[in-house]
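A.B. asks: This is the content of coords17.txt (compact mmCIF, C-alpha atoms):
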# COMPACT_ATOMS: atom_id res chain seq x y z
CA MET A 128 133.47 84.20 60.75
CA GLN A 129 130.56 86.38 61.87
CA THR A 130 131.76 89.42 63.83
CA ARG A 131 129.98 90.86 66.83
CA PRO A 132 127.53 93.68 66.07
CA LEU A 133 129.21 97.05 66.59
CA VAL A 134 127.45 99.22 69.19
CA GLY A 135 128.35 102.85 69.72
CA VAL A 136 128.35 103.98 73.36
CA ILE A 137 128.17 107.70 74.04
CA ALA A 138 130.97 109.08 76.19
CA CYS A 139 130.86 111.73 78.88
CA ARG A 140 133.38 114.55 78.71
CA ARG A 141 135.34 114.88 81.94
CA GLU A 142 138.65 116.30 83.08
CA VAL A 143 141.33 113.75 84.00
CA GLU A 144 144.56 115.02 85.52
CA GLY A 145 143.93 118.44 84.03
CA HIS A 146 143.11 117.21 80.52
CA PRO A 147 139.72 116.85 78.77
CA ALA A 148 138.81 113.18 78.39
CA HIS A 149 135.98 111.16 76.84
CA MET A 150 134.89 108.42 79.23
CA VAL A 151 132.44 105.54 79.60
CA THR A 152 131.98 103.57 82.82
CA ASP A 153 133.11 99.97 82.42
CA LYS A 154 129.80 98.45 83.56
CA TYR A 155 128.07 99.48 80.30
CA LEU A 156 130.78 98.02 78.09
CA THR A 157 130.95 94.81 80.09
CA ALA A 158 127.17 94.32 79.92
CA LEU A 159 127.13 94.77 76.14
CA ARG A 160 129.91 92.21 75.65
CA GLN A 161 128.03 89.73 77.85
CA TYR A 162 125.26 89.81 75.24
CA GLY A 163 127.48 89.24 72.22
CA LEU A 164 127.95 92.88 71.22
CA GLU A 165 131.14 94.81 70.50
CA PRO A 166 131.03 98.24 72.16
CA VAL A 167 132.98 101.20 70.81
CA VAL A 168 133.24 104.45 72.77
CA LEU A 169 132.00 107.50 70.86
CA PRO A 170 133.67 110.79 71.84
CA VAL A 171 131.55 113.91 72.20
CA TRP A 172 132.15 117.49 71.17
CA GLU A 173 129.89 120.54 71.28
CA THR A 174 130.28 121.08 67.53
CA VAL A 175 129.16 118.21 65.32
CA GLU A 176 128.51 118.02 61.57
CA GLY A 177 125.40 116.38 60.14
CA ALA A 178 127.21 114.53 57.37
CA ASP A 179 129.75 113.12 59.82
CA ILE A 180 126.96 111.92 62.13
CA LYS A 181 125.20 110.03 59.37
CA LEU A 182 128.44 108.43 58.19
CA LEU A 183 129.26 107.36 61.75
CA LEU A 184 125.85 105.96 62.61
CA THR A 185 125.55 104.13 59.29
CA ARG A 186 128.52 102.02 60.39
CA LEU A 187 126.90 101.04 63.70
CA ASP A 188 124.51 98.21 64.51
CA GLY A 189 123.27 99.86 67.71
CA LEU A 190 123.57 102.95 69.88
CA VAL A 191 123.59 103.24 73.69
CA LEU A 192 123.05 106.46 75.62
CA THR A 193 124.37 105.71 79.10
CA GLY A 194 123.75 107.09 82.54
CA SER A 195 125.99 109.80 83.97
CA TYR A 196 126.60 111.94 87.02
CA THR A 197 125.82 114.97 84.83
CA ASN A 198 122.43 116.27 83.71
CA VAL A 199 120.99 117.75 80.54
CA VAL A 200 121.38 121.54 80.68
CA PRO A 201 117.91 122.81 81.71
CA GLN A 202 117.90 125.55 79.07
CA ARG A 203 117.43 122.78 76.50
CA TYR A 204 113.90 122.24 77.81
CA GLY A 205 113.14 125.87 78.66
CA ALA A 206 113.74 125.75 82.41
CA GLU A 207 115.80 127.75 84.87
CA ARG A 208 118.41 125.87 86.83
CA GLU A 209 117.39 124.61 90.28
CA PRO A 210 119.92 124.63 93.14
CA GLN A 211 120.18 120.83 93.29
CA ASN A 212 121.19 120.63 89.61
CA THR A 213 124.93 121.24 89.69
CA ARG A 214 126.69 119.09 87.07
CA ASP A 215 126.49 119.62 83.30
CA ASP A 216 128.11 118.15 80.20
CA PRO A 217 127.26 120.48 77.25
CA SER A 218 129.43 118.43 74.89
CA ARG A 219 127.42 115.31 75.59
CA ASP A 220 124.14 117.24 75.29
CA ALA A 221 125.13 118.48 71.85
CA ALA A 222 126.18 115.05 70.64
CA ALA A 223 123.12 113.23 71.97
CA MET A 224 120.66 115.75 70.54
CA ALA A 225 122.41 115.64 67.16
CA TRP A 226 122.73 111.85 67.01
CA LEU A 227 119.21 110.90 68.11
CA PRO A 228 117.19 112.04 65.08
CA VAL A 229 119.75 110.59 62.66
CA ALA A 230 119.85 107.25 64.49
CA LEU A 231 116.06 107.04 64.43
CA ASP A 232 115.93 107.98 60.75
CA LEU A 233 118.48 105.26 59.93
CA GLY A 234 116.70 102.66 62.04
CA VAL A 235 119.66 102.10 64.36
CA PRO A 236 118.52 100.18 67.49
CA LEU A 237 118.68 102.50 70.49
CA LEU A 238 118.95 101.79 74.21
CA GLY A 239 118.82 104.72 76.63
CA ILE A 240 119.73 104.37 80.31
CA CYS A 241 119.09 106.98 83.04
CA ARG A 242 120.61 110.15 81.53
CA GLY A 243 120.04 108.58 78.11
CA PHE A 244 116.37 108.14 79.01
CA GLN A 245 116.19 111.83 79.93
CA GLU A 246 118.04 112.85 76.75
CA LEU A 247 115.48 111.01 74.63
CA ASN A 248 112.63 112.81 76.39
CA VAL A 249 114.24 116.22 75.92
CA ALA A 250 115.04 115.47 72.26
CA PHE A 251 111.31 114.99 71.67
CA GLY A 252 110.38 118.27 73.36
CA GLY A 253 109.75 116.92 76.85
CA SER A 254 110.87 118.45 80.13
CA LEU A 255 112.44 117.18 83.34
CA HIS A 256 112.01 117.51 87.07
CA GLN A 257 115.46 118.58 88.22
CA ALA A 258 114.93 117.34 91.78
CA VAL A 259 112.24 114.67 91.92
CA GLN A 260 112.58 114.42 95.69
CA ASN A 261 111.17 117.94 96.00
CA VAL A 262 108.08 117.27 93.88
CA PRO A 263 104.93 116.68 95.98
CA GLY A 264 103.75 113.09 95.78
CA ARG A 265 107.00 111.74 94.33
CA PHE A 266 109.46 109.44 96.06
CA ASP A 267 113.12 110.20 96.67
CA HIS A 268 114.62 108.26 93.74
CA ARG A 269 118.25 108.96 94.59
CA GLU A 270 120.61 106.10 95.38
CA PRO A 271 120.83 105.11 99.05
CA ALA A 272 124.00 105.54 101.04
CA GLY A 273 126.28 102.53 101.15
CA ASP A 274 128.40 100.37 98.92
CA ARG A 275 127.68 99.54 95.26
CA GLU A 276 125.68 96.45 96.20
CA THR A 277 123.36 98.60 98.30
CA GLN A 278 123.08 101.40 95.75
CA TYR A 279 122.24 99.11 92.83
CA ALA A 280 119.90 96.78 94.72
CA PRO A 281 116.24 96.83 93.60
CA SER A 282 114.53 99.59 95.56
CA HIS A 283 111.00 100.11 94.23
CA ASP A 284 108.28 98.36 92.29
CA LEU A 285 107.69 98.91 88.60
CA GLU A 286 104.43 98.59 86.69
CA ILE A 287 104.96 97.59 83.06
CA LEU A 288 102.12 99.03 81.00
CA PRO A 289 100.20 96.50 78.88
CA GLY A 290 100.42 96.50 75.11
CA GLY A 291 103.75 98.30 74.90
CA ARG A 292 107.17 97.40 73.59
CA LEU A 293 108.59 96.65 77.02
CA ALA A 294 105.61 94.41 77.85
CA ALA A 295 106.32 92.44 74.67
CA LEU A 296 109.80 91.60 75.99
CA TYR A 297 108.86 90.59 79.52
CA PRO A 298 105.92 88.38 80.55
CA GLU A 299 105.31 89.84 84.02
CA ARG A 300 103.46 93.10 84.62
CA GLN A 301 105.40 93.85 87.80
CA ALA A 302 109.10 94.00 88.62
CA ARG A 303 111.47 95.66 91.05
CA VAL A 304 114.23 97.92 89.81
CA ASN A 305 117.10 99.94 91.22
CA SER A 306 116.92 103.72 91.50
CA LEU A 307 119.91 106.07 91.27
CA HIS A 308 118.55 109.29 89.81
CA GLN A 309 117.59 112.75 90.98
CA GLN A 310 115.90 113.91 87.78
CA GLY A 311 112.89 112.47 86.00
CA VAL A 312 110.27 113.10 83.36
CA GLU A 313 108.05 116.09 84.05
CA ARG A 314 106.34 116.40 80.63
CA LEU A 315 106.59 113.47 78.23
CA GLY A 316 107.88 114.43 74.79
CA GLU A 317 105.49 114.34 71.86
CA GLY A 318 105.93 111.14 69.87
CA LEU A 319 107.00 109.09 72.90
CA THR A 320 105.04 106.36 74.68
CA ALA A 321 105.24 105.61 78.39
CA GLU A 322 106.15 101.95 78.89
CA ALA A 323 106.46 101.61 82.68
CA MET A 324 105.67 103.59 85.83
CA ALA A 325 106.95 103.77 89.40
CA PRO A 326 104.35 103.53 92.19
CA ASP A 327 104.46 107.32 92.64
CA GLY A 328 103.45 107.88 88.99
CA LEU A 329 106.90 108.77 87.68
CA ILE A 330 107.53 107.46 84.17
CA GLU A 331 110.32 104.87 84.27
CA ALA A 332 110.49 103.62 80.66
CA ILE A 333 109.66 105.14 77.27
CA SER A 334 109.74 104.21 73.61
CA VAL A 335 109.56 106.17 70.37
CA THR A 336 105.99 105.51 69.31
CA ASP A 337 106.49 105.12 65.55
CA ALA A 338 110.10 103.90 65.48
CA PRO A 339 110.42 100.79 63.29
CA ALA A 340 113.55 99.59 65.11
CA PHE A 341 114.17 98.74 68.78
CA THR A 342 113.99 102.07 70.61
CA LEU A 343 113.62 101.84 74.38
CA ALA A 344 114.93 103.94 77.24
CA VAL A 345 114.69 103.27 80.96
CA GLN A 346 115.25 105.39 84.05
CA TRP A 347 116.86 102.61 86.09
CA HIS A 348 120.25 100.90 85.55
CA PRO A 349 119.80 97.49 83.87
CA GLU A 350 123.53 97.28 83.07
CA TRP A 351 124.25 96.32 86.69
CA ARG A 352 124.54 92.50 86.74
CA PRO A 353 121.86 92.07 84.08
CA ARG A 354 122.06 88.28 84.00
CA GLU A 355 120.85 88.19 87.61
CA HIS A 356 117.65 90.17 86.98
CA PRO A 357 115.05 88.76 84.54
CA LEU A 358 113.80 92.18 83.39
CA TYR A 359 117.30 93.56 82.83
CA ASP A 360 118.24 90.38 81.02
CA ALA A 361 115.18 90.59 78.77
CA LEU A 362 115.99 94.20 77.89
CA PHE A 363 119.60 93.49 76.92
CA THR A 364 118.65 90.30 75.10
CA ALA A 365 116.10 92.14 72.96
CA PHE A 366 118.53 94.97 72.23
CA ALA A 367 121.24 92.50 71.23
CA GLN A 368 118.83 90.67 68.93
CA ALA A 369 117.87 93.95 67.25
CA CYS A 370 121.54 94.82 66.72
CA MET A 371 122.21 91.38 65.24
CA GLN A 372 119.25 91.73 62.90
CA ARG A 373 120.51 95.12 61.70
CA GLN A 374 123.99 93.71 61.15
CA ALA A 375 122.57 90.84 59.10
CA ARG A 376 120.64 93.24 56.87
CA ILE A 377 123.61 95.52 56.31
CA GLU A 378 126.38 92.91 56.07
CA PRO A 379 125.24 89.60 54.52
CA LEU A 380 126.30 86.57 56.50
CA PRO A 381 129.12 84.52 54.95
CA ALA A 382 128.04 81.44 52.99
Step by step, read the file and then write its structure as structure tokens.
C.D. replies:
Amino acid sequence: MQTRPLVGVIACRREVEGHPAHMVTDKYLTALRQYGLEPVVLPVWETVEGADIKLLLTRLDGLVLTGSYTNVVPQRYGAEREPQNTRDDPSRDAAAMAWLPVALDLGVPLLGICRGFQELNVAFGGSLHQAVQNVPGRFDHREPAGDRETQYAPSHDLEILPGGRLAALYPERQARVNSLHQQGVERLGEGLTAEAMAPDGLIEAISVTDAPAFTLAVQWHPEWRPREHPLYDALFTAFAQACMQRQARIEPLPA
């Protein structure tokens, strides 16, 4: 029997009852399973070995860099910390920056969400606004007050740029997406392509320009009830198809 494609999901390192823990929010794992994928949580440490990374990623059919309440340490893109930027996860930073080039070299399908979107930009030499709400001309992209339904409801329009990888997955040029982030792209990393924009000009989706495999990252949260939103559904469907195609190439289907 064909097994589900195995997708690695990066963890965040937190403290739980006084002990270090490696954690992933359930919504990401649930969304992946809804699309026929088998998620496995990948722990993060500040010290990682190149050979171990390659061995790990070779076994995976996909990789997801999730959102988080923490931010990439600003020193990684040559910036001083701003007062609004208060939560870090250096272990996750180290893992993400080490895994990304290996995953791309191996052709592992990659989906980045929120923090994962920002990690991809930093990995390619880009920089981030640490408090978008303070940047002249930009909206306040932070989540609104209220319950989860309110926070994850679509909150602003999205322009999908023609001719890109995201446009190839979704027939409409406009959509509405949720917004739960304080940080955003300041300078786009070299080798990345902007795929979608918010009305205020903030980049909301990117791809790796020359990547042969599925490599997309978005600033919004498509993992929230993806079946109910056509754009979110298209994104997860395409990622799942890419993971299945990789699995079929690596592990021949049974006769």
A.B. asks: Here is a test: counting all atoms listed in the file, which residue of A:Asp215, A:Glu246, A:Asp220, A:Asp267 is nearest to Leu307 (chain A)?
C.D. replies: A:Asp267
A.B. asks: Go through A:Asp179, A:Glu350, A:Glu355, A:Glu276 and flag the residue nearest Leu238 (chain A), using only C-alpha atoms for the distances.
C.D. replies: A:Glu350
A.B. asks: What's the separation between CA of Arg376 (chain A) and CA of Gly234 (chain A), in Å to one decimal place?
C.D. replies: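 It comes out at 11.4 Å.
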A.B. asks: Wanna dump the region 134-237 of chain A-region 313-332 of chain A contacts at 12 Å for me, each residue with its shortest atom pair and the distance in Å to one decimal, counting only C-alpha atoms, ordered by chain and number, as CSV?
C.D. replies:
residue,atom,partner,partner_atom,distance
A:Tyr204,CA,A:Arg314,CA,10.0
A:Gly205,CA,A:Arg314,CA,11.8
A:Ala206,CA,A:Glu313,CA,11.3
A.B. asks: Tell me which protein, DNA and RNA residues are within 12 Å of Arg141 (chain A), counting only C-alpha atoms, leaving out same-chain ones fewer than 6 positions away, and put them as a PDB file with C-alpha atoms, keeping the file's coordinate frame.
C.D. replies:
ATOM      1  CA  PRO A 147     139.720 116.850  78.770  1.00  0.00           C
ATOM      2  CA  ALA A 148     138.810 113.180  78.390  1.00  0.00           C
ATOM      3  CA  HIS A 149     135.980 111.160  76.840  1.00  0.00           C
ATOM      4  CA  MET A 150     134.890 108.420  79.230  1.00  0.00           C
ATOM      5  CA  VAL A 151     132.440 105.540  79.600  1.00  0.00           C
ATOM      6  CA  THR A 152     131.980 103.570  82.820  1.00  0.00           C
ATOM      7  CA  PRO A 170     133.670 110.790  71.840  1.00  0.00           C
ATOM      8  CA  VAL A 171     131.550 113.910  72.200  1.00  0.00           C
ATOM      9  CA  TRP A 172     132.150 117.490  71.170  1.00  0.00           C
ATOM     10  CA  SER A 195     125.990 109.800  83.970  1.00  0.00           C
ATOM     11  CA  TYR A 196     126.600 111.940  87.020  1.00  0.00           C
ATOM     12  CA  THR A 197     125.820 114.970  84.830  1.00  0.00           C
ATOM     13  CA  ARG A 214     126.690 119.090  87.070  1.00  0.00           C
ATOM     14  CA  ASP A 215     126.490 119.620  83.300  1.00  0.00           C
ATOM     15  CA  ASP A 216     128.110 118.150  80.200  1.00  0.00           C
ATOM     16  CA  PRO A 217     127.260 120.480  77.250  1.00  0.00           C
ATOM     17  CA  SER A 218     129.430 118.430  74.890  1.00  0.00           C
ATOM     18  CA  ARG A 219     127.420 115.310  75.590  1.00  0.00           C
TER      19      ARG A 219
END
A.B. asks: Rounded to one decimal place, report the CA of Gln202 (chain A)-CA of Leu231 (chain A) distance in Å.
C.D. replies: 23.7 Å
